[in-house]
Amino acid sequence: MAIVGIIYAIVFMSGWLVDRFKLLRQIKLKLSIICSHQVSVWIHRLNLLLILLIWLHVHLIDDFSEMTSFITIFDAYTYIIIGYYLLAKFITLFKTNGTVIANKQLAPNTQQLVIKLDKKRSSLSSR
């Protein structure tokens, strides 16, 4: 289930990768009929639930839970990734404004936008 979710995210949620590989673009166009934006949002939510279930599963296995160093590293990695996700999702520091330079229709329900970010964000990313 996790692998299917990752492949789905790569095809439907990473425009930079799909734009570079013709085969992925064709797959995305054919599957976009079935997979709407709402389906993508629910799959994203299910991926978050899947991460929680994997974390719980590892903690419930006695052999792993007895290895203190493994559980400590596993938890630290999990908390760092979830913390980064929440930081990027909810903190306004990473939000910025920009100007739409190009708006190209790729499919009936898909648009490709080229956006020039404001100087505020550009100065942060150049550090």
# chains A, B, ... in the order shown; residues from 1 in each chain; ligands from 1

$ select_by_dssp --residues "chain A" --states "alpha helix (DSSP H)" --output "MDAnalysis selection string"
chainID A and resid 2:13 15:20 22:31 37:60 62:65 68:90 119:125

$ closest_atom_pairs --of "range 39-121 of chain A" --to "range 16-26 of chain A" --cutoff "12 Å" --atoms "only C-alpha atoms" --output "Markdown table"
| residue | atom | partner | partner_atom | distance |
| --- | --- | --- | --- | --- |
| A:Leu106 | CA | A:Arg25 | CA | 9.5 |
| A:Ala107 | CA | A:Arg25 | CA | 10.3 |
| A:Thr110 | CA | A:Arg25 | CA | 11.6 |
| A:Gln112 | CA | A:Asp19 | CA | 9.7 |
| A:Leu113 | CA | A:Trp16 | CA | 11.3 |
| A:Val114 | CA | A:Trp16 | CA | 11.2 |

$ select_by_dssp --residues "chain A" --states "strand (DSSP E or B)" --output "ChimeraX atom specification"
/A:98-107,110-117

$ closest_residue --among "A:Ser69, A:Gln38, A:Leu56, A:Gly15" --to "Gln111 in chain A" --atoms "only C-alpha atoms"
A:Gly15
